[in-house]
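Shown next: coords.cif, containing mmCIF, N, CA and C atoms.
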```
data_work
loop_
_atom_site.group_PDB
_atom_site.id
_atom_site.type_symbol
_atom_site.label_atom_id
_atom_site.label_comp_id
_atom_site.auth_asym_id
_atom_site.auth_seq_id
_atom_site.Cartn_x
_atom_site.Cartn_y
_atom_site.Cartn_z
ATOM 1 N N MET W 1 12.905 -4.833 -2.595
ATOM 2 C CA MET W 1 12.171 -5.790 -3.383
ATOM 3 C C MET W 1 12.478 -5.513 -4.853
ATOM 4 N N THR W 2 12.802 -6.529 -5.599
ATOM 5 C CA THR W 2 13.146 -6.348 -7.003
ATOM 6 C C THR W 2 11.913 -6.425 -7.877
ATOM 7 N N ASP W 3 12.075 -6.027 -9.136
ATOM 8 C CA ASP W 3 10.958 -6.058 -10.076
ATOM 9 C C ASP W 3 10.449 -7.477 -10.294
ATOM 10 N N SER W 4 11.356 -8.462 -10.274
ATOM 11 C CA SER W 4 10.907 -9.833 -10.512
ATOM 12 C C SER W 4 10.046 -10.348 -9.362
ATOM 13 N N LYS W 5 10.320 -9.906 -8.145
ATOM 14 C CA LYS W 5 9.499 -10.321 -7.004
ATOM 15 C C LYS W 5 8.131 -9.655 -7.043
ATOM 16 N N ARG W 6 8.072 -8.430 -7.540
ATOM 17 C CA ARG W 6 6.823 -7.689 -7.606
ATOM 18 C C ARG W 6 6.013 -8.039 -8.839
ATOM 19 N N GLY W 7 6.657 -8.563 -9.843
ATOM 20 C CA GLY W 7 5.960 -8.878 -11.071
ATOM 21 C C GLY W 7 5.655 -7.648 -11.902
ATOM 22 N N THR W 8 6.545 -6.648 -11.845
ATOM 23 C CA THR W 8 6.272 -5.405 -12.559
ATOM 24 C C THR W 8 7.119 -5.265 -13.814
ATOM 25 N N SER W 9 7.966 -6.198 -14.098
ATOM 26 C CA SER W 9 8.803 -6.102 -15.286
ATOM 27 C C SER W 9 8.244 -7.016 -16.366
ATOM 28 N N SER W 10 8.257 -6.546 -17.601
ATOM 29 C CA SER W 10 7.720 -7.346 -18.689
ATOM 30 C C SER W 10 8.834 -7.976 -19.512
ATOM 31 N N GLY W 11 9.980 -8.171 -18.926
ATOM 32 C CA GLY W 11 11.088 -8.797 -19.636
ATOM 33 C C GLY W 11 12.298 -7.891 -19.611
ATOM 34 N N VAL W 12 13.342 -8.365 -20.265
ATOM 35 C CA VAL W 12 14.581 -7.609 -20.279
ATOM 36 C C VAL W 12 14.420 -6.396 -21.181
ATOM 37 N N GLY W 13 14.596 -5.216 -20.610
ATOM 38 C CA GLY W 13 14.529 -3.988 -21.375
ATOM 39 C C GLY W 13 13.124 -3.548 -21.745
ATOM 40 N N GLY W 14 12.120 -4.261 -21.292
ATOM 41 C CA GLY W 14 10.737 -3.911 -21.620
ATOM 42 C C GLY W 14 10.243 -2.762 -20.759
ATOM 43 N N PRO W 15 9.093 -2.218 -21.110
ATOM 44 C CA PRO W 15 8.545 -1.121 -20.304
ATOM 45 C C PRO W 15 8.123 -1.609 -18.930
ATOM 46 N N ARG W 16 8.318 -0.775 -17.948
ATOM 47 C CA ARG W 16 7.983 -1.139 -16.573
ATOM 48 C C ARG W 16 6.535 -0.761 -16.295
ATOM 49 N N VAL W 17 5.778 -1.708 -15.769
ATOM 50 C CA VAL W 17 4.378 -1.481 -15.440
ATOM 51 C C VAL W 17 4.275 -1.407 -13.918
ATOM 52 N N LEU W 18 3.804 -0.265 -13.396
ATOM 53 C CA LEU W 18 3.684 -0.091 -11.961
ATOM 54 C C LEU W 18 2.370 -0.690 -11.475
ATOM 55 N N SER W 19 2.439 -1.372 -10.355
ATOM 56 C CA SER W 19 1.209 -1.860 -9.755
ATOM 57 C C SER W 19 0.496 -0.697 -9.093
ATOM 58 N N ILE W 20 -0.751 -0.879 -8.728
ATOM 59 C CA ILE W 20 -1.527 0.191 -8.105
ATOM 60 C C ILE W 20 -0.924 0.595 -6.760
ATOM 61 N N LEU W 21 -0.205 -0.319 -6.110
ATOM 62 C CA LEU W 21 0.412 -0.012 -4.823
ATOM 63 C C LEU W 21 1.648 0.867 -4.964
ATOM 64 N N ASP W 22 2.251 0.878 -6.145
ATOM 65 C CA ASP W 22 3.455 1.675 -6.368
ATOM 66 C C ASP W 22 3.148 3.092 -6.838
ATOM 67 N N ARG W 23 1.914 3.351 -7.244
ATOM 68 C CA ARG W 23 1.548 4.678 -7.754
ATOM 69 C C ARG W 23 1.212 5.621 -6.609
ATOM 70 N N PRO W 24 1.435 6.941 -6.793
ATOM 71 C CA PRO W 24 1.058 7.905 -5.750
ATOM 72 C C PRO W 24 -0.456 7.989 -5.622
ATOM 73 N N LEU W 25 -0.944 8.407 -4.449
ATOM 74 C CA LEU W 25 -2.377 8.512 -4.218
ATOM 75 C C LEU W 25 -3.022 9.548 -5.117
ATOM 76 N N ALA W 26 -2.436 10.721 -5.226
ATOM 77 C CA ALA W 26 -2.999 11.787 -6.056
ATOM 78 C C ALA W 26 -1.885 12.415 -6.870
ATOM 79 N N ALA W 27 -2.050 12.410 -8.159
ATOM 80 C CA ALA W 27 -1.046 13.026 -9.019
ATOM 81 C C ALA W 27 -1.299 14.527 -9.072
ATOM 82 N N LYS W 28 -0.265 15.301 -8.880
ATOM 83 C CA LYS W 28 -0.401 16.755 -8.924
ATOM 84 C C LYS W 28 -0.317 17.187 -10.379
ATOM 85 N N LYS W 29 -1.372 17.814 -10.857
ATOM 86 C CA LYS W 29 -1.423 18.260 -12.249
ATOM 87 C C LYS W 29 -1.409 19.783 -12.278
ATOM 88 N N GLY W 30 -0.350 20.335 -12.769
ATOM 89 C CA GLY W 30 -0.253 21.783 -12.876
ATOM 90 C C GLY W 30 -0.087 22.454 -11.528
ATOM 91 N N SER W 31 0.036 23.766 -11.547
ATOM 92 C CA SER W 31 0.221 24.512 -10.305
ATOM 93 C C SER W 31 -1.035 25.261 -9.908
ATOM 94 N N GLY W 32 -2.137 25.078 -10.660
ATOM 95 C CA GLY W 32 -3.367 25.790 -10.361
ATOM 96 C C GLY W 32 -4.054 25.236 -9.130
ATOM 97 N N GLY W 33 -4.812 26.069 -8.455
ATOM 98 C CA GLY W 33 -5.527 25.642 -7.259
ATOM 99 C C GLY W 33 -6.859 25.020 -7.616
ATOM 100 N N GLY W 34 -7.745 24.979 -6.668
ATOM 101 C CA GLY W 34 -9.064 24.456 -6.929
ATOM 102 C C GLY W 34 -9.265 23.031 -6.463
ATOM 103 N N GLY W 35 -8.228 22.378 -5.986
ATOM 104 C CA GLY W 35 -8.373 21.030 -5.459
ATOM 105 C C GLY W 35 -8.609 19.976 -6.518
ATOM 106 N N SER W 36 -8.219 20.204 -7.757
ATOM 107 C CA SER W 36 -8.414 19.199 -8.791
ATOM 108 C C SER W 36 -7.412 18.071 -8.609
ATOM 109 N N GLY W 37 -7.662 16.955 -9.247
ATOM 110 C CA GLY W 37 -6.745 15.835 -9.171
ATOM 111 C C GLY W 37 -7.059 14.888 -8.041
ATOM 112 N N GLY W 38 -8.277 14.925 -7.503
ATOM 113 C CA GLY W 38 -8.662 13.987 -6.466
ATOM 114 C C GLY W 38 -8.205 14.372 -5.076
ATOM 115 N N GLU W 39 -7.778 15.577 -4.865
ATOM 116 C CA GLU W 39 -7.330 16.004 -3.549
ATOM 117 C C GLU W 39 -8.514 16.498 -2.726
ATOM 118 N N VAL W 40 -8.467 16.294 -1.421
ATOM 119 C CA VAL W 40 -9.524 16.719 -0.510
ATOM 120 C C VAL W 40 -8.895 17.621 0.547
ATOM 121 N N SER W 41 -9.581 18.701 0.879
ATOM 122 C CA SER W 41 -9.024 19.605 1.879
ATOM 123 C C SER W 41 -9.021 18.927 3.249
ATOM 124 N N LEU W 42 -8.102 19.346 4.078
ATOM 125 C CA LEU W 42 -7.979 18.769 5.410
ATOM 126 C C LEU W 42 -9.224 19.034 6.240
ATOM 127 N N SER W 43 -9.821 20.204 6.096
ATOM 128 C CA SER W 43 -11.017 20.517 6.880
ATOM 129 C C SER W 43 -12.195 19.639 6.462
ATOM 130 N N ALA W 44 -12.353 19.372 5.173
ATOM 131 C CA ALA W 44 -13.436 18.506 4.713
ATOM 132 C C ALA W 44 -13.226 17.076 5.203
ATOM 133 N N PHE W 45 -11.996 16.592 5.118
ATOM 134 C CA PHE W 45 -11.694 15.242 5.601
ATOM 135 C C PHE W 45 -11.938 15.149 7.103
ATOM 136 N N SER W 46 -11.526 16.153 7.856
ATOM 137 C CA SER W 46 -11.720 16.158 9.308
ATOM 138 C C SER W 46 -13.195 16.145 9.668
ATOM 139 N N PHE W 47 -13.998 16.930 8.941
ATOM 140 C CA PHE W 47 -15.430 16.970 9.188
ATOM 141 C C PHE W 47 -16.070 15.611 8.934
ATOM 142 N N LEU W 48 -15.753 14.991 7.808
ATOM 143 C CA LEU W 48 -16.325 13.685 7.481
ATOM 144 C C LEU W 48 -15.893 12.614 8.479
ATOM 145 N N PHE W 49 -14.635 12.651 8.897
ATOM 146 C CA PHE W 49 -14.149 11.685 9.877
ATOM 147 C C PHE W 49 -14.878 11.868 11.206
ATOM 148 N N SER W 50 -15.058 13.119 11.630
ATOM 149 C CA SER W 50 -15.763 13.407 12.875
ATOM 150 C C SER W 50 -17.207 12.907 12.818
ATOM 151 N N GLU W 51 -17.866 13.115 11.680
ATOM 152 C CA GLU W 51 -19.244 12.647 11.519
ATOM 153 C C GLU W 51 -19.329 11.124 11.565
ATOM 154 N N MET W 52 -18.348 10.450 10.982
ATOM 155 C CA MET W 52 -18.334 8.978 11.032
ATOM 156 C C MET W 52 -18.176 8.482 12.461
ATOM 157 N N VAL W 53 -17.271 9.102 13.218
ATOM 158 C CA VAL W 53 -17.053 8.688 14.602
ATOM 159 C C VAL W 53 -18.319 8.920 15.428
ATOM 160 N N GLN W 54 -18.955 10.065 15.265
ATOM 161 C CA GLN W 54 -20.189 10.350 15.998
ATOM 162 C C GLN W 54 -21.299 9.374 15.622
ATOM 163 N N TYR W 55 -21.397 9.028 14.363
ATOM 164 C CA TYR W 55 -22.409 8.083 13.889
ATOM 165 C C TYR W 55 -22.246 6.736 14.586
ATOM 166 N N TYR W 56 -21.022 6.227 14.603
ATOM 167 C CA TYR W 56 -20.791 4.915 15.208
ATOM 168 C C TYR W 56 -20.860 4.964 16.729
ATOM 169 N N GLN W 57 -20.485 6.094 17.343
ATOM 170 C CA GLN W 57 -20.575 6.215 18.800
ATOM 171 C C GLN W 57 -22.019 6.117 19.262
ATOM 172 N N SER W 58 -22.939 6.632 18.470
ATOM 173 C CA SER W 58 -24.348 6.606 18.882
ATOM 174 C C SER W 58 -24.989 5.233 18.686
ATOM 175 N N ARG W 59 -24.296 4.305 18.026
ATOM 176 C CA ARG W 59 -24.877 3.009 17.709
ATOM 177 C C ARG W 59 -24.174 1.821 18.359
ATOM 178 N N VAL W 60 -23.316 2.089 19.325
ATOM 179 C CA VAL W 60 -22.618 0.995 20.013
ATOM 180 C C VAL W 60 -22.929 1.047 21.499
ATOM 181 N N LEU W 61 -22.709 -0.087 22.165
ATOM 182 C CA LEU W 61 -22.971 -0.183 23.595
ATOM 183 C C LEU W 61 -21.699 -0.146 24.433
ATOM 184 N N SER W 62 -20.567 -0.432 23.808
ATOM 185 C CA SER W 62 -19.314 -0.438 24.568
ATOM 186 C C SER W 62 -18.167 0.076 23.698
ATOM 187 N N ILE W 63 -17.070 0.376 24.350
ATOM 188 C CA ILE W 63 -15.881 0.850 23.637
ATOM 189 C C ILE W 63 -15.332 -0.239 22.720
ATOM 190 N N ALA W 64 -15.420 -1.494 23.162
ATOM 191 C CA ALA W 64 -14.930 -2.603 22.347
ATOM 192 C C ALA W 64 -15.701 -2.675 21.023
ATOM 193 N N ASP W 65 -17.017 -2.449 21.065
ATOM 194 C CA ASP W 65 -17.805 -2.440 19.842
ATOM 195 C C ASP W 65 -17.375 -1.299 18.926
ATOM 196 N N LEU W 66 -17.118 -0.136 19.493
ATOM 197 C CA LEU W 66 -16.692 1.013 18.708
ATOM 198 C C LEU W 66 -15.338 0.744 18.063
ATOM 199 N N GLU W 67 -14.400 0.165 18.804
ATOM 200 C CA GLU W 67 -13.091 -0.144 18.259
ATOM 201 C C GLU W 67 -13.185 -1.165 17.133
ATOM 202 N N ARG W 68 -14.063 -2.118 17.267
ATOM 203 C CA ARG W 68 -14.223 -3.147 16.245
ATOM 204 C C ARG W 68 -14.788 -2.541 14.948
ATOM 205 N N LYS W 69 -15.684 -1.577 15.076
ATOM 206 C CA LYS W 69 -16.266 -0.949 13.883
ATOM 207 C C LYS W 69 -15.289 0.030 13.276
#
```
Take the structure in the file and write it out as structure tokens.
Amino acid sequence: MTDSKRGTSSGVGGPRVLSILDRPLAAKKGSGGGGSGGEVSLSAFSFLFSEMVQYYQSRVLSIADLERK
């Protein structure tokens, strides 16, 4: 896909403006730890995902309802 199709070019030789879809999810800033920069640990994400699934499982009557939610 070219810049003209995406609408990310501001003319010939102009600065390129990236759309939100072209940017990375989390920019890595520095080499320090601590999870800064909007990163989430895999264990925290797994826990939250598991809690969401359990929440919806307790509130549906069929598998089709669970899949839809």
Q: Would you list the contacts of Tyr56 in chain W as an NGL selection string, taking every protein, DNA or RNA residue within 10 Å and counting only C-alpha atoms, but skipping same-chain residues closer than 2 positions in sequence?
A: :W and (51-54 or 58-60 or 65-67 or 69)
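Take atom C of Leu21 in chain W and atom N of Gly38 in chain W: the distance between them is 17.4 Å.
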Q) In Å, how far is it from CA of Leu42 in chain W to CA of Tyr55 in chain W? A)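 Spanning CA of Leu42 in chain W to CA of Tyr55 in chain W is a straight-line distance of 19.9 Å.
In this structure, atom C of Val40 in chain W sits 20.2 Å away from atom C of Ile20 in chain W.
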